[in-house]
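Scroll down for the structure; my scribbles are underneath it.
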Amino acid sequence: MVDPEPRPSAAQRLGAQETLGISTLDPGHRPPTMPPGRHVAITVRMLDGTDEVFDVSQRASGKVLFDLVCTHLNLVEGDYFGLEYEDHNKMTVWLDLLKPIVKQLRRPKHTVLRFVVKFFPPDHAQLLEELTRYLFALQIKHDLACGRLTCNDSSAALLVSHVIQSEIGDFEESQSRQHLLNNSYIPEQMALMDKIMEFHSKNVGQTPAESDYQLLEVARRLEMYGVRLHPAKDREGSKLSLSVSHTGVLVFQGHTKINAFNWSKVRKLSFKRKRFLIKLRPDLNQSSYQDTLEFLMGSRDCCKVFWKICVEYHAFFRLFEEPKPKPKPVLFTRGSSFRFSGRTQKQVIDYVKDSEFKKIAFDRKHSRVQYSSSRLSPLPSPHRPQVPKEVSVSCLSGSFLSPPLICLSVPSTGLASDSPHLSASSGNSQGMVNGQKPVQLFGHSPDGRQPSPLTSPLLNDAGSVRTDDEDEVRRKRFPTDRAYFIAKELLTTERTYLKDLEVVTVSFQDAVGKDEATPEPLKSTIFSHFDPLYKFHSGFLREVEQRLALWEGRSNAHIKGDYQRIGDVMLKNLQGLKPLMAHLQKHSEALVELEKACRASRRLEVLVRDFELQKVCYIPLNVFILRPLHRLTHYKQILERLCKHYPATHVDFRDSRAALADVSEVVAQLQAGMIKMENVQKLLELKKDLIGVDNLVTPGREFIRLGCLSKLSGKGLQQRMFFLFNDVLLYTSRGMTATNQFKVHGQLPLHGMTIRESEDEWGVPHAFTLVGQHQSVVVAASSLSEMEKWMEDIKMAIDLAGSSNGPTSDLLASSLTDNKSPTEDSCQEAESEDDLAASRTSLERQAPHRGNTTVHVCWHRNTTVSMVDFSVAVENQLSGNLLRKFKNSNGWQKLWVVFTNFSLFFYKTHQDDYPLASLPLLGYSVTIPTESENIHKDYVFKLHFKSHVYYFRSESEYTFERWMEVIRSATVSASHRRSRKESHLY
């Protein structure tokens, strides 16, 4: 009688080699030795729905069984996973790796453990192996099927489209429809079939590995991603659910998150009988601070189960290394002795990247797509004998469907046996890799080789919950080529640019575009020209993200150099941008149309002003309108750096040079209009900051410089804000007004004006005198360099005013004159208040106004900014992740940082719609920390202004240089530097 051919194991179905891998729980050692004693067969249900049987000793710990499962799968990053089961109380619990199995499973033979994802990282890029991402994709697929991962219809359809792209390949209508009819991926799938097929048709060319990546990219943005709900009640008896994530403890009402307690705010987690307690750190910013929050759960066991999960999540994501066990008390025990066992996420990442690995291809036998992918497998070690196989595998029936009622408590059941993910038909190539016998492999490392030490931990205290040092991990794992970081700058700034486009296409359109006060010509000028650009750049960003993902090795770019370039992507998209030139040329008109419409409609003016006060509009609206023109300049700069870096023989040089030629041609065509509209935009921005100006924006008027000078009067030196244009010099002051605007005190026409130094004459340092046709004004700068900047600009403006026909219309309101004496001219603040009160009948004067504009920053920090500085700031924009540390703090905080408009804007992640905080940089100094400051990190720069000190860390030498470059452009005002724009301005 012929024995039936055994069914392939899960590892074999994935195409892995026959030899065993080693669990990451015990690095550098052999698989755990099996304790002596009676063996028992334990069934583990895998993520693909098949059952595997493992022979283990009854005295073995849970760690022994878990390691055997990871070894069986040849899974290196096993620490993200766990084994769960239903205990005698029908509660779903995790198998404790430290306790003997026999003490946890009452009937081991009749208990089915489920191998599922236990820890969901915030970014799937932290999963270094394709096999790990594939298993995560199976988990997402199951959570969708059982209804645990709830989302809107569009997200659900998009997720399913990536699943079927992985399973059946590129879209073909009849095949795709038939596959959806035969397989159920989400509840009520029939209603979304057309939408799923539409998304599937857009995935052409995606490999299975790329589909897994995109699936996780969409899933991780969902609020219910990785959420496992634990029923509870608050003190009032309202039904809630508790959950835990990498960020902290979450509170849900239904499927809506209503509160979150970050680990940094949590002082202690505990439970007493049915009560689950969260003790918070004191918050000095809240008047009604609550020290302890209390939730009521179903039983003491429910509390303890959730408490254990919280302990493990905190340890895995927040600690640098596995916590050490507490010493056993001699006489009495108090409290639980439970602790997290296994490696933390940082240790896992360090271990994988520091181990000696090579690319071993494996076939996705489950997929109909004929594509050979790659994964990391350990190098053979000559110092160790071959690891004996300790697993006896026999497969039970894989045909099952879990009842819908228990889907919420059973994480890994519910995949149909006929799923093409892991089909039994792959047995004909058992033990083969791409049709060839795999090489015999051994353990991860020679005897005694431990994982790499934490060479530069972020904090000395491993138990601290302040922050993780993820950038250390990424810095060591990702490419170090300068071209990679140039390409990454393109990615990070494109993300910010797309968010800025959303301010106009989504937020502004929702707030203003649907109102009847908005005239149709304005809607047509703005929205019809922004929407095509937003759609185009959305596709461009996706391509850049995919290329960088391949470049970083997150997918299957195992062909050396094939994906290590970005010029081809830029060339393709810049050529695709040329048909949109008509839309770009209309953007300058949008500024004028918006200003005309606001003048014609007071209601629209109020709507626009209210919108500018929203958090999403973090810089003036007019700046957003000109963003598409500025973005072309950024592309040009990136390509110039890329071409300068590449040798002429580089594979990417030709495409990069061709892309640079294309974008340079476009920039040259738009240059004149761009410079003109930047001046108009600045005049419109200044108009909002000034009171007493009726017609600031007139043809021919150009802005040159603004800043603080001290004006000499009968009462001594008084701080005034001066505004220099090509025809007039205004001086203003800011009283305690509700509008935060500056009141114009007088004007000095430049025609016929003379200027002279007068420090000796008045005995005031850095003083100079402005002599006009009707009056003279003595002013003093804060420093010699400031005086030189002002005198140089004023002299140039006087020369231009004498040789050109500039605007001649009166600037000031009728209530002000320009023929006052020097003593009369120095108006008191109370007089300014009276003038304001008289003018508050106007809607424009009553409106609130942001107090953090460039003018206000210059006022408070007694500094100055020229139009040349503004022009340079337009070009020097940057985005990316930085680690920030305050002067007296120990830990670093990772933030998404955007530099624009002379300010740093801080976000938690690049997906946030508005910044959490901002830091205007005018007046700051940027330096490198000294040895005495004890900042023993690479790529750190220091920002300081008076007693305010901040430290920032970047990820590479290139990004460090770029941040220093752009920040210096904001912290060091031009000592009348000439730019490519200045000849046009003057």
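Ordering of the structure tokens sets the chain letters (A, B, ...); residue numbers start at 1 within each chain; ligands are numbered from 1 in the order shown.
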task = With a distance cut-off of 9 Å and only C-alpha atoms, select the neighbouring residues of stretch 86-90 of chain A, excluding the residue or stretch itself and same-chain residues fewer than 2 positions from it, and output the selection as a ChimeraX atom specification.
result = /A:84,92-94,104-106,111-113,410
Taking N, CA, C and O atoms for each residue, export the selection above as an mmCIF file, in the first residue's frame.
data_model
loop_
_atom_site.group_PDB
_atom_site.id
_atom_site.type_symbol
_atom_site.label_atom_id
_atom_site.label_comp_id
_atom_site.auth_asym_id
_atom_site.auth_seq_id
_atom_site.Cartn_x
_atom_site.Cartn_y
_atom_site.Cartn_z
ATOM 1 N N GLU A 84 -2.741 32.487 20.641
ATOM 2 C CA GLU A 84 -3.874 32.741 21.520
ATOM 3 C C GLU A 84 -4.809 31.552 21.516
ATOM 4 O O GLU A 84 -4.807 30.718 20.596
ATOM 5 N N THR A 92 -10.564 34.789 25.411
ATOM 6 C CA THR A 92 -9.410 34.682 24.530
ATOM 7 C C THR A 92 -8.194 35.270 25.227
ATOM 8 O O THR A 92 -8.185 36.452 25.595
ATOM 9 N N VAL A 93 -7.164 34.448 25.436
ATOM 10 C CA VAL A 93 -5.963 34.879 26.144
ATOM 11 C C VAL A 93 -4.739 34.479 25.333
ATOM 12 O O VAL A 93 -4.799 33.599 24.464
ATOM 13 N N TRP A 94 -3.610 35.127 25.636
ATOM 14 C CA TRP A 94 -2.350 34.819 24.970
ATOM 15 C C TRP A 94 -1.616 33.733 25.725
ATOM 16 O O TRP A 94 -1.637 33.699 26.957
ATOM 17 N N GLN A 104 -1.260 25.977 31.543
ATOM 18 C CA GLN A 104 -2.120 26.935 30.862
ATOM 19 C C GLN A 104 -3.244 26.263 30.089
ATOM 20 O O GLN A 104 -4.364 26.784 30.044
ATOM 21 N N LEU A 105 -2.958 25.124 29.469
ATOM 22 C CA LEU A 105 -3.970 24.413 28.678
ATOM 23 C C LEU A 105 -4.472 23.227 29.478
ATOM 24 O O LEU A 105 -3.704 22.312 29.806
ATOM 25 N N ARG A 106 -5.755 23.237 29.812
ATOM 26 C CA ARG A 106 -6.315 22.127 30.583
ATOM 27 C C ARG A 106 -6.352 20.843 29.764
ATOM 28 O O ARG A 106 -6.056 19.768 30.264
ATOM 29 N N THR A 111 -7.336 21.507 22.451
ATOM 30 C CA THR A 111 -7.286 22.970 22.349
ATOM 31 C C THR A 111 -6.576 23.371 21.066
ATOM 32 O O THR A 111 -5.497 22.866 20.759
ATOM 33 N N VAL A 112 -7.200 24.254 20.334
ATOM 34 C CA VAL A 112 -6.595 24.775 19.112
ATOM 35 C C VAL A 112 -6.063 26.178 19.393
ATOM 36 O O VAL A 112 -6.822 27.089 19.735
ATOM 37 N N LEU A 113 -4.757 26.314 19.298
ATOM 38 C CA LEU A 113 -4.154 27.639 19.433
ATOM 39 C C LEU A 113 -4.104 28.312 18.072
ATOM 40 O O LEU A 113 -3.977 27.641 17.048
ATOM 41 N N VAL A 410 -12.120 35.906 18.292
ATOM 42 C CA VAL A 410 -11.215 34.905 17.735
ATOM 43 C C VAL A 410 -10.468 35.535 16.578
ATOM 44 O O VAL A 410 -11.018 35.717 15.506
#
request  = as an NGL selection string, please: all residues of stretch 61-290 of chain A that backbone DSSP puts in strand (DSSP E).
outcome  = :A and (81-86 or 92-94 or 112-117 or 230-233 or 239-244 or 248-253 or 256-262 or 266-272 or 275-280)
Could the residues in this selection be saved with N, CA and C atoms as a short mmCIF file (atom, residue, chain, number, x, y, z; two decimals), in the first residue's frame?
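Now in part_9.cif:
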data_model
loop_
_atom_site.label_atom_id
_atom_site.label_comp_id
_atom_site.auth_asym_id
_atom_site.auth_seq_id
_atom_site.Cartn_x
_atom_site.Cartn_y
_atom_site.Cartn_z
N PHE A 81 4.21 38.37 16.57
CA PHE A 81 3.11 37.43 16.57
C PHE A 81 2.97 36.77 17.94
N GLY A 82 1.88 36.05 18.10
CA GLY A 82 1.65 35.33 19.35
C GLY A 82 0.70 34.18 19.12
N LEU A 83 0.54 33.36 20.16
CA LEU A 83 -0.39 32.23 20.13
C LEU A 83 -1.51 32.53 21.11
N GLU A 84 -2.74 32.49 20.64
CA GLU A 84 -3.87 32.74 21.52
C GLU A 84 -4.81 31.55 21.52
N TYR A 85 -5.62 31.47 22.57
CA TYR A 85 -6.55 30.34 22.71
C TYR A 85 -7.67 30.76 23.64
N GLU A 86 -8.69 29.94 23.72
CA GLU A 86 -9.80 30.19 24.64
C GLU A 86 -9.59 29.37 25.90
N THR A 92 -10.56 34.79 25.41
CA THR A 92 -9.41 34.68 24.53
C THR A 92 -8.19 35.27 25.23
N VAL A 93 -7.16 34.45 25.44
CA VAL A 93 -5.96 34.88 26.14
C VAL A 93 -4.74 34.48 25.33
N TRP A 94 -3.61 35.13 25.64
CA TRP A 94 -2.35 34.82 24.97
C TRP A 94 -1.62 33.73 25.73
N VAL A 112 -7.20 24.25 20.33
CA VAL A 112 -6.60 24.78 19.11
C VAL A 112 -6.06 26.18 19.39
N LEU A 113 -4.76 26.31 19.30
CA LEU A 113 -4.15 27.64 19.43
C LEU A 113 -4.10 28.31 18.07
N ARG A 114 -4.19 29.62 18.09
CA ARG A 114 -4.20 30.36 16.84
C ARG A 114 -2.95 31.25 16.77
N PHE A 115 -2.22 31.12 15.68
CA PHE A 115 -1.03 31.94 15.43
C PHE A 115 -1.49 33.21 14.73
N VAL A 116 -1.41 34.35 15.41
CA VAL A 116 -1.95 35.61 14.89
C VAL A 116 -0.98 36.75 15.20
N VAL A 117 -1.26 37.89 14.58
CA VAL A 117 -0.48 39.10 14.87
C VAL A 117 -0.85 39.61 16.26
N HIS A 230 -12.11 45.50 24.21
CA HIS A 230 -12.40 44.83 25.48
C HIS A 230 -13.55 45.58 26.14
N PRO A 231 -14.73 44.97 26.26
CA PRO A 231 -15.91 45.67 26.79
C PRO A 231 -15.67 46.20 28.21
N ALA A 232 -16.20 47.40 28.47
CA ALA A 232 -16.06 48.02 29.78
C ALA A 232 -17.18 49.04 29.95
N LYS A 233 -17.23 49.64 31.13
CA LYS A 233 -18.17 50.72 31.41
C LYS A 233 -17.43 51.81 32.17
N LYS A 239 -21.71 52.17 28.28
CA LYS A 239 -20.95 51.07 27.67
C LYS A 239 -19.84 51.62 26.79
N LEU A 240 -18.63 51.15 27.04
CA LEU A 240 -17.45 51.56 26.28
C LEU A 240 -16.64 50.33 25.92
N SER A 241 -15.57 50.54 25.25
CA SER A 241 -14.60 49.48 24.98
C SER A 241 -13.20 50.05 25.16
N LEU A 242 -12.33 49.25 25.73
CA LEU A 242 -10.93 49.64 25.90
C LEU A 242 -10.07 48.87 24.91
N SER A 243 -9.00 49.51 24.48
CA SER A 243 -8.06 48.85 23.60
C SER A 243 -6.68 49.43 23.89
N VAL A 244 -5.67 48.81 23.33
CA VAL A 244 -4.30 49.28 23.53
C VAL A 244 -3.58 49.26 22.18
N GLY A 248 -0.65 54.01 23.25
CA GLY A 248 -1.17 54.02 24.61
C GLY A 248 -2.51 53.31 24.70
N VAL A 249 -3.29 53.68 25.70
CA VAL A 249 -4.61 53.07 25.93
C VAL A 249 -5.67 53.90 25.24
N LEU A 250 -6.56 53.23 24.51
CA LEU A 250 -7.60 53.89 23.73
C LEU A 250 -8.97 53.57 24.31
N VAL A 251 -9.89 54.50 24.18
CA VAL A 251 -11.27 54.30 24.63
C VAL A 251 -12.19 54.47 23.42
N PHE A 252 -13.05 53.48 23.20
CA PHE A 252 -13.96 53.49 22.07
C PHE A 252 -15.40 53.47 22.57
N GLN A 253 -16.26 54.10 21.79
CA GLN A 253 -17.70 53.97 21.98
C GLN A 253 -18.25 53.43 20.67
N THR A 256 -16.01 54.07 17.39
CA THR A 256 -15.49 55.43 17.33
C THR A 256 -14.57 55.68 18.51
N LYS A 257 -13.37 56.12 18.25
CA LYS A 257 -12.44 56.44 19.33
C LYS A 257 -12.83 57.76 19.96
N ILE A 258 -13.04 57.76 21.28
CA ILE A 258 -13.48 58.98 21.96
C ILE A 258 -12.41 59.52 22.90
N ASN A 259 -11.38 58.73 23.18
CA ASN A 259 -10.31 59.23 24.04
C ASN A 259 -9.07 58.37 23.85
N ALA A 260 -7.94 58.94 24.18
CA ALA A 260 -6.67 58.22 24.09
C ALA A 260 -5.74 58.71 25.18
N PHE A 261 -5.05 57.79 25.84
CA PHE A 261 -4.12 58.13 26.90
C PHE A 261 -2.73 57.68 26.47
N ASN A 262 -1.94 58.65 26.06
CA ASN A 262 -0.60 58.34 25.57
C ASN A 262 0.27 57.79 26.69
N VAL A 266 0.64 58.41 30.98
CA VAL A 266 0.20 57.39 31.92
C VAL A 266 1.29 57.13 32.96
N ARG A 267 0.93 57.27 34.24
CA ARG A 267 1.89 57.02 35.32
C ARG A 267 1.85 55.57 35.77
N LYS A 268 0.65 54.97 35.78
CA LYS A 268 0.54 53.59 36.26
C LYS A 268 -0.76 52.99 35.75
N LEU A 269 -0.72 51.70 35.42
CA LEU A 269 -1.92 50.92 35.08
C LEU A 269 -2.08 49.82 36.12
N SER A 270 -3.28 49.66 36.61
CA SER A 270 -3.51 48.62 37.61
C SER A 270 -4.96 48.17 37.55
N PHE A 271 -5.27 47.13 38.33
CA PHE A 271 -6.65 46.67 38.39
C PHE A 271 -6.94 46.17 39.80
N LYS A 272 -8.17 46.38 40.25
CA LYS A 272 -8.65 45.89 41.53
C LYS A 272 -10.01 45.26 41.31
N ARG A 275 -12.32 46.52 38.57
CA ARG A 275 -12.01 47.90 38.21
C ARG A 275 -10.63 47.98 37.56
N PHE A 276 -10.61 48.61 36.37
CA PHE A 276 -9.35 48.86 35.68
C PHE A 276 -9.01 50.33 35.87
N LEU A 277 -7.81 50.62 36.39
CA LEU A 277 -7.43 51.97 36.79
C LEU A 277 -6.29 52.50 35.93
N ILE A 278 -6.45 53.72 35.46
CA ILE A 278 -5.40 54.42 34.72
C ILE A 278 -5.02 55.65 35.53
N LYS A 279 -3.79 55.68 36.04
CA LYS A 279 -3.31 56.82 36.81
C LYS A 279 -2.46 57.68 35.89
N LEU A 280 -2.80 58.97 35.84
CA LEU A 280 -2.17 59.89 34.89
C LEU A 280 -1.15 60.77 35.59
#
ask   = Of the residues A:His910, A:Arg720, A:His246, A:Arg953, which is the one nearest to A:Phe886, using only C-alpha atoms?
value =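 Result for the nearest residue to A:Phe886: A:Arg953.
Distances from A:Glu759, A:Glu595, A:Asp51, A:Glu685 to A:Thr518 were compared using only C-alpha atoms, and the smallest one belongs to A:Glu595.
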inquiry  = I'd like to know which of A:Lys682, A:His860, A:Tyr951, A:Ser925 is closest to A:Leu882, using only C-alpha atoms.
reply    =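 For A:Leu882, the nearest of the candidates is A:Tyr951.
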ask   = So which one's closest to A:Lys596, A:Asn876, A:Gly802, A:Lys63, A:Leu522? Using only C-alpha atoms, please.
value =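 Ranked by minimum distance to A:Lys596, first place goes to A:Leu522.
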request  = Tell me, as a ChimeraX atom specification, which residues lie within 9 Å of A:Leu594, counting only C-alpha atoms; anything in the same chain fewer than 4 positions away does not count.
outcome  = /A:522,526,589-590,598-599
Quick one: write out the picked residues with N, CA, C and O atoms as a PDB file, in the first residue's frame?
ATOM      1  N   LEU A 522     -14.556  83.470  -9.871  1.00  0.00           N
ATOM      2  CA  LEU A 522     -13.549  83.105  -8.865  1.00  0.00           C
ATOM      3  C   LEU A 522     -13.483  81.597  -8.695  1.00  0.00           C
ATOM      4  O   LEU A 522     -12.391  81.011  -8.621  1.00  0.00           O
ATOM      5  N   ILE A 526     -10.012  79.540  -9.486  1.00  0.00           N
ATOM      6  CA  ILE A 526      -9.271  78.822  -8.444  1.00  0.00           C
ATOM      7  C   ILE A 526      -9.484  77.319  -8.539  1.00  0.00           C
ATOM      8  O   ILE A 526      -8.544  76.549  -8.774  1.00  0.00           O
ATOM      9  N   GLU A 589      -3.379  84.746 -11.702  1.00  0.00           N
ATOM     10  CA  GLU A 589      -4.644  85.481 -11.833  1.00  0.00           C
ATOM     11  C   GLU A 589      -5.558  85.230 -10.649  1.00  0.00           C
ATOM     12  O   GLU A 589      -6.406  86.076 -10.321  1.00  0.00           O
ATOM     13  N   ALA A 590      -5.398  84.083  -9.999  1.00  0.00           N
ATOM     14  CA  ALA A 590      -6.274  83.748  -8.876  1.00  0.00           C
ATOM     15  C   ALA A 590      -6.112  84.742  -7.733  1.00  0.00           C
ATOM     16  O   ALA A 590      -7.091  85.083  -7.050  1.00  0.00           O
ATOM     17  N   CYS A 598     -13.282  89.897  -2.967  1.00  0.00           N
ATOM     18  CA  CYS A 598     -13.414  90.296  -1.562  1.00  0.00           C
ATOM     19  C   CYS A 598     -13.775  91.783  -1.450  1.00  0.00           C
ATOM     20  O   CYS A 598     -14.534  92.184  -0.560  1.00  0.00           O
ATOM     21  N   ARG A 599     -13.233  92.592  -2.355  1.00  0.00           N
ATOM     22  CA  ARG A 599     -13.593  94.016  -2.351  1.00  0.00           C
ATOM     23  C   ARG A 599     -15.057  94.213  -2.716  1.00  0.00           C
ATOM     24  O   ARG A 599     -15.723  95.101  -2.182  1.00  0.00           O
TER      25      ARG A 599
END
